[in-house]
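Structure data follow from input.txt (compact mmCIF, C-alpha atoms):
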# COMPACT_ATOMS: atom_id res chain seq x y z
CA GLY A 1 0.00 0.00 0.00
CA PHE A 2 0.95 3.60 -0.56
CA ASP A 3 1.02 4.57 3.12
CA THR A 4 3.30 1.64 3.90
CA ALA A 5 5.67 2.57 1.09
CA VAL A 6 5.87 6.18 2.28
CA GLU A 7 6.40 5.06 5.88
CA GLU A 8 9.24 2.69 4.98
CA SER A 9 10.76 5.27 2.62
CA GLN A 10 10.82 7.74 5.48
CA MET A 11 12.87 5.29 7.52
CA ALA A 12 15.40 4.99 4.68
CA ILE A 13 15.63 8.78 4.47
CA THR A 14 16.25 8.98 8.21
CA SER A 15 19.08 6.47 7.87
CA ALA A 16 20.58 8.50 5.03
CA GLU A 17 20.37 11.66 7.12
CA VAL A 18 22.14 9.99 10.04
CA GLU A 19 24.92 8.76 7.72
CA ALA A 20 25.29 12.14 6.02
CA SER A 21 25.31 14.21 9.19
CA SER A 22 27.89 11.90 10.80
CA ALA A 23 30.54 12.43 8.10
CA LEU A 24 32.60 15.32 6.78
CA ASN A 25 30.68 16.80 3.85
CA GLY A 26 28.31 13.86 4.02
CA ILE A 27 25.81 13.24 1.24
CA GLY A 28 22.94 10.78 1.63
CA LEU A 29 21.44 9.69 -1.70
CA VAL A 30 18.24 7.61 -1.58
CA LYS A 31 16.53 6.13 -4.64
CA LEU A 32 12.82 5.38 -4.24
CA MET A 33 10.10 3.80 -6.35
CA GLY A 34 8.46 5.91 -9.03
CA ARG A 35 9.01 5.08 -12.70
CA ASP A 36 6.53 7.62 -14.08
CA ALA A 37 5.34 9.55 -11.02
CA GLY A 38 7.07 10.90 -7.94
CA HIS A 39 4.29 10.58 -5.37
CA ILE A 40 6.23 8.31 -2.99
CA ALA A 41 9.40 10.42 -3.18
CA MET A 42 7.40 13.61 -2.67
CA GLN A 43 5.30 12.39 0.26
CA ALA A 44 8.22 10.64 1.97
CA SER A 45 10.28 13.83 1.69
CA LEU A 46 7.48 15.86 3.24
CA ALA A 47 6.96 13.32 6.00
CA SER A 48 10.63 13.11 6.95
CA ARG A 49 11.39 16.86 6.78
CA GLN A 50 15.07 15.90 6.43
CA VAL A 51 15.40 16.13 2.65
CA ASP A 52 17.37 18.89 0.94
CA LEU A 53 16.72 17.84 -2.65
CA CYS A 54 13.76 15.87 -4.04
CA LEU A 55 13.94 14.79 -7.68
CA ILE A 56 10.88 13.37 -9.44
CA PRO A 57 10.04 12.41 -13.07
CA GLU A 58 7.56 15.26 -13.52
CA VAL A 59 10.11 18.00 -12.84
CA PRO A 60 13.18 18.12 -15.14
CA PHE A 61 16.47 19.16 -13.60
CA THR A 62 19.96 20.12 -14.69
CA LEU A 63 23.35 19.18 -13.30
CA SER A 64 25.42 22.28 -13.95
CA GLY A 65 24.94 26.02 -13.72
CA ASP A 66 23.54 28.28 -11.02
CA ARG A 67 20.27 26.31 -10.93
CA GLY A 68 21.93 22.92 -11.24
CA ILE A 69 22.09 20.12 -8.71
CA LEU A 70 25.87 20.17 -8.31
CA GLN A 71 26.04 23.85 -7.40
CA HIS A 72 23.16 23.43 -4.95
CA VAL A 73 24.80 20.44 -3.24
CA LYS A 74 28.02 22.43 -2.93
CA HIS A 75 26.07 25.27 -1.33
CA LEU A 76 24.43 22.88 1.12
CA LEU A 77 27.74 21.37 2.15
CA ALA A 78 29.21 24.83 2.68
CA THR A 79 26.27 26.08 4.76
CA LYS A 80 25.07 23.05 6.75
CA GLY A 81 27.85 20.51 6.31
CA HIS A 82 25.77 17.71 4.79
CA CYS A 83 22.77 17.06 2.56
CA VAL A 84 20.14 14.43 1.79
CA ILE A 85 18.95 13.77 -1.75
CA VAL A 86 15.85 11.72 -2.64
CA VAL A 87 15.41 10.66 -6.25
CA ALA A 88 12.54 8.70 -7.80
CA GLU A 89 13.73 5.91 -10.11
CA GLY A 90 12.22 7.56 -13.20
CA ALA A 91 13.62 11.05 -12.58
CA GLY A 92 16.16 12.56 -14.95
CA MET A 93 15.57 10.16 -17.83
CA ASP A 94 15.90 13.07 -20.27
CA LEU A 95 19.55 13.23 -19.18
CA LEU A 96 20.03 9.52 -19.82
CA LYS A 97 18.58 9.27 -23.32
CA GLU A 98 21.58 7.38 -24.71
CA GLN A 99 21.51 4.75 -21.96
CA LEU A 100 17.72 4.55 -22.15
CA ALA A 101 17.82 3.79 -25.88
CA LYS A 102 20.02 0.75 -25.20
CA SER A 103 18.11 -0.52 -22.17
CA GLY A 104 15.54 -2.77 -23.82
CA THR A 105 12.48 -4.08 -21.99
CA ASP A 106 11.77 -6.53 -19.19
CA ALA A 107 9.51 -9.63 -19.33
CA SER A 108 6.45 -7.42 -18.76
CA GLY A 109 7.30 -5.11 -21.63
CA ASN A 110 8.39 -2.22 -19.42
CA VAL A 111 11.45 -0.24 -20.48
CA LYS A 112 14.42 -1.05 -18.27
CA LEU A 113 15.35 2.27 -16.72
CA PRO A 114 19.02 3.18 -16.29
CA ASP A 115 19.95 3.56 -12.61
CA ILE A 116 19.56 7.28 -11.99
CA GLY A 117 20.90 6.81 -8.47
CA LEU A 118 24.24 5.35 -9.57
CA TRP A 119 24.47 7.95 -12.34
CA LEU A 120 23.94 10.80 -9.87
CA LYS A 121 26.45 9.25 -7.47
CA GLU A 122 29.08 9.15 -10.22
CA LYS A 123 28.38 12.73 -11.35
CA ILE A 124 28.39 14.16 -7.81
CA GLU A 125 31.57 12.38 -6.78
CA GLY A 126 33.28 13.34 -10.05
CA TYR A 127 32.32 16.99 -9.62
CA PHE A 128 33.75 17.25 -6.13
CA ASP A 129 36.89 15.36 -7.14
CA GLU A 130 37.45 18.04 -9.78
CA GLN A 131 36.86 20.67 -7.08
CA ASP A 132 39.47 18.89 -4.92
CA MET A 133 36.85 18.76 -2.16
CA GLU A 134 36.50 15.73 0.08
CA THR A 135 32.98 14.32 0.34
CA ASN A 136 31.43 11.16 1.76
CA LEU A 137 28.49 9.96 -0.33
CA LYS A 138 26.35 7.02 0.75
CA TYR A 139 23.94 5.63 -1.85
CA MET A 140 20.89 3.71 -0.63
CA ASN A 141 18.46 1.73 -2.79
CA PRO A 142 15.81 0.32 -0.43
CA MET A 143 13.14 -0.30 -3.09
CA TYR A 144 12.90 -4.09 -2.75
CA MET A 145 12.96 -3.84 1.04
CA ILE A 146 10.05 -1.41 0.85
CA ARG A 147 8.09 -3.70 -1.48
CA THR A 148 8.42 -6.72 0.80
CA VAL A 149 7.46 -5.33 4.22
CA PRO A 150 4.03 -6.17 5.68
CA ALA A 151 1.33 -3.57 5.18
CA ASN A 152 0.88 -1.14 8.05
CA ALA A 153 -2.41 -0.88 9.93
CA SER A 154 -3.81 1.85 7.68
CA ASP A 155 -3.15 -0.07 4.47
CA SER A 156 -4.35 -3.36 5.97
CA LEU A 157 -7.70 -1.83 6.88
CA TYR A 158 -7.96 -0.10 3.52
CA CYS A 159 -7.24 -3.28 1.54
CA SER A 160 -9.73 -5.23 3.63
CA GLU A 161 -12.46 -2.73 2.73
CA LEU A 162 -11.45 -2.87 -0.93
CA GLY A 163 -11.72 -6.67 -0.90
CA VAL A 164 -15.14 -6.65 0.75
CA SER A 165 -16.43 -4.06 -1.71
CA ALA A 166 -15.05 -6.03 -4.67
CA VAL A 167 -16.89 -9.17 -3.53
CA HIS A 168 -20.12 -7.20 -3.09
CA GLY A 169 -19.74 -5.82 -6.61
CA ALA A 170 -19.09 -9.24 -8.14
CA MET A 171 -22.01 -10.82 -6.25
CA SER A 172 -24.22 -8.02 -7.57
CA GLY A 173 -23.38 -9.03 -11.12
CA TYR A 174 -20.85 -6.37 -12.03
CA ALA A 175 -17.64 -7.12 -13.95
CA GLY A 176 -14.74 -5.16 -15.45
CA PHE A 177 -14.41 -2.88 -12.42
CA THR A 178 -12.08 -2.04 -9.61
CA VAL A 179 -12.79 -0.52 -6.20
CA GLY A 180 -11.57 2.82 -4.92
CA LEU A 181 -12.16 5.36 -2.18
CA ILE A 182 -13.69 8.57 -3.53
CA ASN A 183 -15.02 11.31 -1.26
CA THR A 184 -14.89 8.93 1.76
CA ARG A 185 -16.99 6.29 -0.04
CA TYR A 186 -15.90 2.95 -1.50
CA VAL A 187 -17.14 2.90 -5.06
CA LEU A 188 -16.97 0.63 -8.11
CA ILE A 189 -14.87 2.19 -10.89
CA PRO A 190 -14.91 0.85 -14.48
CA MET A 191 -11.50 -0.43 -15.55
CA THR A 192 -11.84 1.60 -18.74
CA GLU A 193 -11.70 4.75 -16.62
CA ILE A 194 -8.71 3.59 -14.56
CA VAL A 195 -6.47 2.82 -17.55
CA GLN A 196 -7.08 6.06 -19.43
CA GLU A 197 -4.18 7.94 -17.87
CA LYS A 198 -1.56 7.81 -15.13
CA ILE A 199 -1.92 10.01 -12.09
CA LYS A 200 1.19 12.16 -11.93
CA VAL A 201 2.42 14.83 -9.58
CA ASP A 202 1.12 18.26 -10.51
CA LYS A 203 4.21 20.45 -10.32
CA ASN A 204 1.93 23.49 -9.97
CA SER A 205 0.14 22.02 -6.94
CA SER A 206 0.37 23.28 -3.38
CA THR A 207 1.87 19.93 -2.36
CA TRP A 208 4.86 20.31 -4.67
CA ALA A 209 5.14 23.94 -3.57
CA ARG A 210 5.49 22.65 0.00
CA VAL A 211 8.34 20.39 -1.13
CA ILE A 212 10.14 23.38 -2.68
CA ALA A 213 9.58 25.45 0.47
CA MET A 214 10.71 22.68 2.81
CA THR A 215 13.81 21.58 0.90
CA GLY A 216 14.83 25.03 -0.28
CA GLN A 217 15.80 23.53 -3.61
CA PRO A 218 15.90 25.84 -6.64
CA HIS A 219 13.55 25.77 -9.59
CA PHE A 220 15.88 23.96 -11.92
CA GLN A 221 14.44 25.40 -15.13
Please, can you express the file's structure as structure tokens?
Amino acid sequence: GFDTAVEESQMAITSAEVEASSALNGIGLVKLMGRDAGHIAMQASLASRQVDLCLIPEVPFTLSGDRGILQHVKHLLATKGHCVIVVAEGAGMDLLKEQLAKSGTDASGNVKLPDIGLWLKEKIEGYFDEQDMETNLKYMNPMYMIRTVPANASDSLYCSELGVSAVHGAMSGYAGFTVGLINTRYVLIPMTEIVQEKIKVDKNSSTWARVIAMTGQPHFQ
């Protein structure tokens, strides 16, 4: 469930913050789930309140320049001594077009995404090596750990209600539907409606504005 994923992601972010703040010029880099949408990365960053940079697929970013990641990380190290970066797995794919073109697909037909976390790690470490500045970067990829934990109480109750509602719908003769919570009510939703589009983060929303305000990260473009 979503709540469980955000809760476990928050724990990974806390670990990254502890590692980063315990080292000279420490950098904690956490890659989270989110091929096409950055909801988990966004909500986990807001919940933890320890993140200095949140990167999601919906918001393009640059590496270099005054509004680039590298300059911002350097500023963070100079002002607070460490930083924590959260990146969704599908972020920055426009910067990895060459690798993406060679990636192929998995057994389900999904494009195999290049590892944005390892790519960022290499670019950040290379930048500070050129600056002759010592840093300590710890890269964490807890995605499979997050996927395999038991659901928390909130998600367990939610899934139970979804299951009960699905059975009621099937016993009433309906088919080709799923169940969802809309305006505090469990309702039957046609599958044709569900598959029309993916729900992505609205970068003009108040929620994303809160991320910008909390992290202090620049508008990269």
Closest contacts (segment 76-175 of chain A/segment 30-33 of chain A, max 9 Å, all atoms listed in the file) as a tab-separated table:
residue	atom	partner	partner_atom	distance
A:Val84	CA	A:Val30	CA	7.8
A:Ile85	CA	A:Val30	CA	6.2
A:Val86	CA	A:Val30	CA	4.9
A:Val87	CA	A:Lys31	CA	4.9
A:Ala88	CA	A:Leu32	CA	4.9
A:Glu89	CA	A:Met33	CA	5.6
A:Gly90	CA	A:Met33	CA	8.1
A:Ile116	CA	A:Lys31	CA	8.0
A:Gly117	CA	A:Lys31	CA	5.9
A:Lys138	CA	A:Val30	CA	8.5
A:Tyr139	CA	A:Val30	CA	6.0
A:Met140	CA	A:Val30	CA	4.8
A:Asn141	CA	A:Lys31	CA	5.1
A:Pro142	CA	A:Leu32	CA	7.0
A:Met143	CA	A:Leu32	CA	5.8
A:Ile146	CA	A:Met33	CA	8.9
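In this model, the gap between atom CA of Cys54 of chain A and atom CA of Val73 of chain A comes to 12.0 Å.
Interatomic distance, atom CA of Glu125 of chain A against atom CA of Arg35 of chain A: 24.4 Å.
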*Nearest to Tyr158 of chain A: which of A:Tyr127, A:Tyr186, A:Tyr144, A:Trp208 is it, counting all atoms listed in the file?*
A:Tyr186
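For the pair atom CA of Ser45 of chain A and atom CA of Ile13 of chain A, the separation is 7.9 Å.
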*asked:* I'd like the contact shell of Trp119 of chain A - 9 Å cut-off, all atoms listed in the file, skipping same-chain residues fewer than 5 positions apart - returned as a ChimeraX atom specification.
replied: /A:96,114,124
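Between Leu157 of chain A and the candidates A:Asp3, A:Glu8, A:Glu197, A:Asp202, the tightest atom-to-atom separation, counting all atoms listed in the file, involves A:Asp3.
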*When distances are computed from all atoms listed in the file, which of A:Val111, A:Leu120, A:Leu100, A:Gly126 shows the smallest separation from Leu55 of chain A?*
A:Leu120
_Show me, as number ranges by chain, the residues that have an atom within 9 Å of Gln50 of chain A when counting all atoms listed in the file, minus same-chain residues fewer than 6 positions from it._
A: 13-14, 17, 83-84, 214-215
_as number ranges by chain, please: the residues near segment 56-59 of chain A (cut-off 7 Å, all atoms listed in the file, same-chain neighbours under 6 positions excluded)._
A: 36-38, 87-88, 90-92, 201, 203
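Minimum distance to His75 of chain A across A:Asp94, A:Ala12, A:Leu46, A:Gly216 (counting all atoms listed in the file) occurs at A:Gly216.
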*Please identify all polymer residues lying at most 12 Å from the point (-17.1, 1.7, -8.8) (file coordinates), using all atoms listed in the file, and present the result as a ChimeraX atom specification.*
/A:162,165-166,168-170,174-182,185-194
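In this comparison, which uses all atoms listed in the file, the residue of A:Glu134, A:Glu7, A:Glu161, A:Glu122 approaching Ile40 of chain A most closely is A:Glu7.
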_Nearest residue to Ala47 of chain A out of A:Asn25, A:Gln10, A:Thr79, A:Asn152, using all atoms listed in the file?_
A:Gln10
